[in-house]
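Inspection log for the structure reproduced underneath, given as structure tokens.
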Amino acid sequence: MAESVKVAVRVRPFNQREKDRGSKCCIKMQNKTTSIQNLDQTGSEPKLFTFDFSYWSHDSFEMDDKGVSQPIPGSSYASQRIVFDDLGQGVLNNAYEGFNTSLFAYGQTGAGKSYSMVGYGPNKGIVPITCDELFKTVEGNTNADLKYCVSFSMLEIYNEQVRDLLQKQNPKGGLPVRQNPSIGAFYVQGLTKQVVGSYREIEAKMDEGTSNRTVASTAMNATSSRAHTVVTIQFDQIKKNEVGEETKRTSIINLVDLAGSERAGSTGATGDRLKEGANINKSLSALGNVISALADASTGKKNVRVPYRDSVLTKLLQNALGGNSKTIMIAALSPADINYDETLSTLRYADRAKQIKNKAIVNENPMDKLIRELKEENEKLKKALGGDIPMDAAAAGGGAMSPEEAAKMRKQMEEEIRAQLEANMAAMTEMETDVDRTALARQQFNEEQLKLLEKEKEKESTPHITNLNEDSMLSGVIHHLIKEGENVVGRKDKESDPDVCLSGLSIQKSHAVFVRDAKGVILRPGVVGAKTKVNGQTLNGDRTLTHKDRILFGSNHMYVYYDFANKDNTADGTPEEITWEFAQKEIAQAKGFQTGADGKLSKEQQLAQEQVLELLPMVSESNAISEELNKHKSFEVILISGAANPGVGQSGTKVMVKMKNLLNGNTWLWERGKFMNRRYLMQDMYQRFLDGDETLDETPQDEDPFWDPPGDVLIGTSSAFLQALAYGIDMDDPILITDYKGEDQGQMYVNISPCDDKGKCMGEEYFVEDSSELLGKPYSYKITIKSAEIRDSRFNVGSFIKYKIDGDEEETITPTVKASLSPVFNHSRVVKIDKVTQDTLDFFENSCITFQLYGCQEDRESDKSLVKLSTKELRQREMSSGGISPGNALSRQLTKSNVGESSALKAEILLLKRRNDILAKKEKRIQAIVTEWGKKPPEEQKFEPFYRAISAAAFNTGTMLKSAATVITQVIKAKKLMSLTPNGASADTQSTASKAAGSKACIVM
């Protein structure tokens, strides 16, 4: 009978990153129901999902005296044991009954997959508890007719390559994945299957696998969060029936920790032309397609093709997903609102998976029958290998094959047959051997454990280095003891074997030397130019090490130096626990990048800082790959202000990566996601280089991750602030063009002025001192981009300007002006406002228009003087000339409260000056009118003409001048009413007018 895949979801506590950013919990759980709400959308309805289990592990727990997290009485906290009892125990029960069983952990990086599967410290996860419980059953067996045999294998899938984690060395390109033609199942050829006799042996093998995984991932520059780890336990129960025949019941237990499920859109990689070229996400994408297809088939949809063959992962998990297996999925959730999109995607994925139905059967067969069938199959395979391999079926439907194609097909089929023969022979040997393999495994394990115990004791008294990794599961698993005398750190291809063998980017044959004597341990460079850092500082000579010093060899071999005998010498400020994050921040600080800013960073700036710290080691790695492959490209992290990026907000900051062609100076600005995608492709290219791939030099240009076609590049930005428009004043001043570093790149000549609806500019008579006078009235202004002056001669090819104002859906782009460093654009645009509101005035007062000047680039010839230099030499030359910005430039940009603050202040000063100039002119005009009127003979001092003249001058100005005019006219009116002469003028009028001419009411203070 078909049985649905069981699906559980589990939400973890906030991590430090989420706490630092003030995250709120967007997840709620009640019984089997999980709800998620978008807290950024006020009033939005939560989305509801129902699963077999919903585990609340976010809060309401406490630590017992052993450090194990336990639920506070009365709370709904799901501990590791509760999760095992629901899920792991089901895995065990299925195994005892002879069913294949699989457990998947799915979710974004950092969501808690590894915690649920493996656990940390005393909080053991499903895998170790399952193994422990399994061996309790084995060790408690008292039935003489029943034997148990447990074997263990551990593999990793990274970039569509399979690595055996129980082997230190793997073949180039990984282990091949084959298909058994008799049963149709896929398997990994040459994968180690280790017989184990106790949980401690499995634990030791898992530690060994983790250690090998760490060494391999560091050497290959692989990102552990992008790899799938598959632990397979084969549980055999061999028992005799009533007539003495042995029957074998086999259960395959697959425990799968999937790679992080980040969506391409979340990193911004969706616009990259090479995004489909990466294999990093291929397995997860294929897994999603398989789950969707299986879900469709389970609902009765006909003719559904399930694409198992689309990836290595789905091939190996074919049985687990849609065949002979009982399957459980646990989806790990982040509780933070900042991860809402990723968490919602995980919930939808899990919701889809619960629709799948599998039909599992008990795997039980007589031993004699199994052996006989294997022998028969081997005879058929030998005949096929010794005779002619039929090619007709292979060529069917594809037309006649060429001799080369036929030879290639024949070779491939021979390899498949030999691999199947090898697998069958191994299975037969395993079943026919009478020796107790479990006892042999236990003896070997005991010998290995004695060696490990001796090394652990030696570590306590001997200085040593221990690895750090961005994946906490891979930290602290590699140890190198530093013996008396010289200890050479280097590559394995050194003439004599190094004491500490490393491989990978920027590691020299003789990279560094530890010298240990009675005084302590000194670290010195092995050769000039070897890249080594101690506590973030470049190692240029001898340095005495102290307990807990951090050492970076090459680009990504990070270690901590421990000397417990002299632990009192630890440097001040060293934390109790050294983490990868601490070491990376230290390196960033040494480059001049301030990582704390004393808590003065906004949320947007915290996010930018987080991304910078994430990208710095990646950029360093990409530069190292570029040097190794001699790609003549350099990379650096840059910050683009929000003002220069419509869409991120005036106060936002965008983190980008700049790639530069060191031969001709062309540059490209890559979004963070695009760079991360390209980095994966660079890692793939570097691995092919290490594997000796002869076709690497033949890589087409458009498939090279280091290449992009020449494109338009942002030269710099100019910001025109709009306060003047709130007072009816035009802005007509040259504005500076600055690049992302704040450096001068030229000037732009822009005019922004009030105008009528046809674009005719208004004069000074449009000036108002109180901006509120504009409320409720129509308003138009004209933007005119006259010209620019560009400093960098590279942009003589062509240039154009982009800008966007409030309310625009798309950017306005000027025509491109070619072959000029003094482009004349003569671009104008009229902006019409039907009715001025307070929002309009606030926009004028607080906003600006940012003009982005772009330069056109062409694939210019390389500088002949540079062609002979290597990428490493070119980068050193670039750094010495200041072409690559130091980290403190990033820090300055990030910690500014407002990237346009100085420009805004300058604009405000210019506005005040203009307002003052206009008011001064008005004042002089009124004073002239009063003086002129006062000089007239009494018979010519008519009040009405004087009143009209004063009003004309004053009532088109601000309130202060209006008040002055009102005072004057009221005084004159009063005098006129008090004592009129026959000719219409008062005897005192002239005197009054003279006094008014000097009145302070006419003076603008």
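Residues in the structure tokens are numbered from 1 in each chain, the chains being A, B, ... in the order shown, and ligands are numbered from 1 in the order shown.
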Looking only at the backbone, which of the residues in stretch 489-708 of chain A does DSSP tag as strand (DSSP E), as an MDAnalysis selection string? chainID A and resid 489:490 500:501 512:517 520:525 532:534 537:538 543:544 550:553 557:562 633:641 653:661 667:671
Env of A:Ser828: 9 Å cut, atoms = only C-alpha atoms, seq-sep filter 2 positions within chain, self excluded. Answer as a list in words. Lys782, Ile783, Thr784, Ile785, Lys786, Phe825, Asn826 and Val830 of chain A
Let me see the file: selected residues, all heavy atoms, as a short mmCIF file (atom, residue, chain, number, x, y, z; two decimals), in the first residue's frame.
```
data_model
loop_
_atom_site.label_atom_id
_atom_site.label_comp_id
_atom_site.auth_asym_id
_atom_site.auth_seq_id
_atom_site.Cartn_x
_atom_site.Cartn_y
_atom_site.Cartn_z
N LYS A 782 11.46 73.08 -14.62
CA LYS A 782 12.18 72.57 -15.80
C LYS A 782 13.57 72.12 -15.40
O LYS A 782 14.30 72.83 -14.71
CB LYS A 782 12.25 73.68 -16.85
CG LYS A 782 12.85 73.24 -18.18
CD LYS A 782 12.79 74.40 -19.17
CE LYS A 782 13.29 73.99 -20.54
NZ LYS A 782 13.20 75.12 -21.51
N ILE A 783 13.90 70.89 -15.82
CA ILE A 783 15.23 70.35 -15.59
C ILE A 783 16.01 70.46 -16.90
O ILE A 783 15.57 69.95 -17.94
CB ILE A 783 15.16 68.87 -15.17
CG1 ILE A 783 14.33 68.71 -13.89
CG2 ILE A 783 16.55 68.28 -14.99
CD1 ILE A 783 13.98 67.27 -13.57
N THR A 784 17.13 71.14 -16.85
CA THR A 784 17.97 71.29 -18.04
C THR A 784 19.38 70.79 -17.73
O THR A 784 20.03 71.29 -16.81
CB THR A 784 18.05 72.76 -18.50
OG1 THR A 784 16.73 73.26 -18.72
CG2 THR A 784 18.88 72.88 -19.77
N ILE A 785 19.80 69.76 -18.47
CA ILE A 785 21.18 69.27 -18.35
C ILE A 785 21.95 69.85 -19.53
O ILE A 785 21.72 69.47 -20.68
CB ILE A 785 21.24 67.73 -18.36
CG1 ILE A 785 20.37 67.15 -17.26
CG2 ILE A 785 22.68 67.25 -18.22
CD1 ILE A 785 20.27 65.63 -17.29
N LYS A 786 22.83 70.81 -19.22
CA LYS A 786 23.54 71.51 -20.29
C LYS A 786 24.73 70.69 -20.81
O LYS A 786 24.76 70.29 -21.96
CB LYS A 786 24.01 72.87 -19.79
CG LYS A 786 22.87 73.77 -19.32
CD LYS A 786 23.43 75.05 -18.71
CE LYS A 786 22.32 75.94 -18.17
NZ LYS A 786 22.88 77.16 -17.52
N PHE A 825 24.93 68.02 -23.69
CA PHE A 825 23.72 67.21 -23.75
C PHE A 825 22.50 68.03 -24.19
O PHE A 825 21.65 67.54 -24.93
CB PHE A 825 23.44 66.57 -22.38
CG PHE A 825 24.52 65.63 -21.93
CD1 PHE A 825 25.43 66.01 -20.95
CD2 PHE A 825 24.65 64.37 -22.49
CE1 PHE A 825 26.43 65.15 -20.54
CE2 PHE A 825 25.64 63.51 -22.08
CZ PHE A 825 26.53 63.89 -21.10
N ASN A 826 22.40 69.26 -23.68
CA ASN A 826 21.25 70.13 -24.00
C ASN A 826 19.92 69.37 -23.86
O ASN A 826 19.05 69.44 -24.72
CB ASN A 826 21.36 70.71 -25.41
CG ASN A 826 22.39 71.84 -25.46
OD1 ASN A 826 22.63 72.51 -24.44
ND2 ASN A 826 23.01 72.03 -26.61
N VAL A 830 10.23 69.14 -18.66
CA VAL A 830 9.32 69.91 -17.81
C VAL A 830 8.54 68.94 -16.93
O VAL A 830 7.95 67.97 -17.42
CB VAL A 830 8.36 70.76 -18.65
CG1 VAL A 830 7.34 71.47 -17.74
CG2 VAL A 830 9.13 71.79 -19.47
#
```
Show which residues sit within 10 Å of stretch 793-796 of chain A, as a list in words. Count only C-alpha atoms, and ignore same-chain residues fewer than 4 positions away.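 Contacts, with the query itself left out: Asn664, Gly665, Asn666, Asp712, Val713, Ile715, Val817, Lys818, Ala819, Ser820, Leu821, Ser822, Pro823, Tyr854, Gly855, Cys856, Gln857, Glu858 and Arg860 of chain A.
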Excluding A:Ile551 and residues on its chain fewer than 3 positions from it, collect all residues at most 12 Å away from it, counting only C-alpha atoms, and give them as a PyMOL selection string. chain A and resi 464-468+512+514+523-524+531-539+543+545-548+554-562+578+580+583-584+586-587
Residue contacts of A:Arg21 (10 Å, only C-alpha atoms) excluding same-chain residues fewer than 2 positions away, as a list in words: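 The neighbour list is Gln16, Arg17, Glu18, Lys19, Ser23, Lys24, Ala336, Ile338, Ser602, Lys603, Glu604, Gln606 and Leu607 of chain A.
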Could you save those same residues with C-alpha atoms as a compact mmCIF listing (two decimals), in the first residue's frame?
```
# COMPACT_ATOMS: atom_id res chain seq x y z
CA GLN A 16 23.38 36.50 16.51
CA ARG A 17 22.99 38.13 13.10
CA GLU A 18 19.22 38.26 13.49
CA LYS A 19 19.51 39.64 17.03
CA SER A 23 14.56 40.83 13.94
CA LYS A 24 11.00 39.90 14.88
CA ALA A 336 13.27 36.06 11.53
CA ILE A 338 14.32 39.42 7.53
CA SER A 602 21.26 51.97 11.04
CA LYS A 603 19.61 48.71 10.01
CA GLU A 604 20.47 49.40 6.37
CA GLN A 606 24.21 46.92 9.43
CA LEU A 607 23.03 44.91 6.43
```
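Among the candidate residues A:Thr346, A:Ser283, A:Asn303, A:Thr327, the one lying nearest to A:Val9 is A:Thr346, with distances computed using only C-alpha atoms.
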Could you tell me which of A:Gln161, A:Ser472, A:Thr232, A:Asn324 comes closest to A:Ser311 if we count only C-alpha atoms?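 For A:Ser311, the nearest of the given residues is A:Gln161.
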For A:Asp351, list every protein, DNA or RNA residue within 9 Å, evaluated using only C-alpha atoms, and leave out those in the same chain fewer than 3 positions away; present the list as JSON, numbers by chain. {"A": [7, 49, 50, 51, 346, 347, 348, 354, 355]}
Rank A:Met206, A:Val527, A:Val797, A:Ala227 by their smallest atom-to-atom distance to A:Glu160, using only C-alpha atoms, and report the top residue only.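 Once distances to A:Glu160 are computed over only C-alpha atoms, the minimum belongs to A:Ala227.
You will find atom CA of A:Asp40 at 28.0 Å from atom CA of A:Phe675.
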Using only C-alpha atoms, determine which residues lie at most 8 Å from A:Gln189, disregarding the query and same-chain residues fewer than 3 positions distant; provide the list as a PyMOL selection string. chain A and resi 175-178+419+423
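With only C-alpha atoms as the atoms that count, the minimum distance from A:Phe104 to the choices A:Asp568, A:Asp257, A:Glu671, A:Glu470 is reached by A:Asp257.
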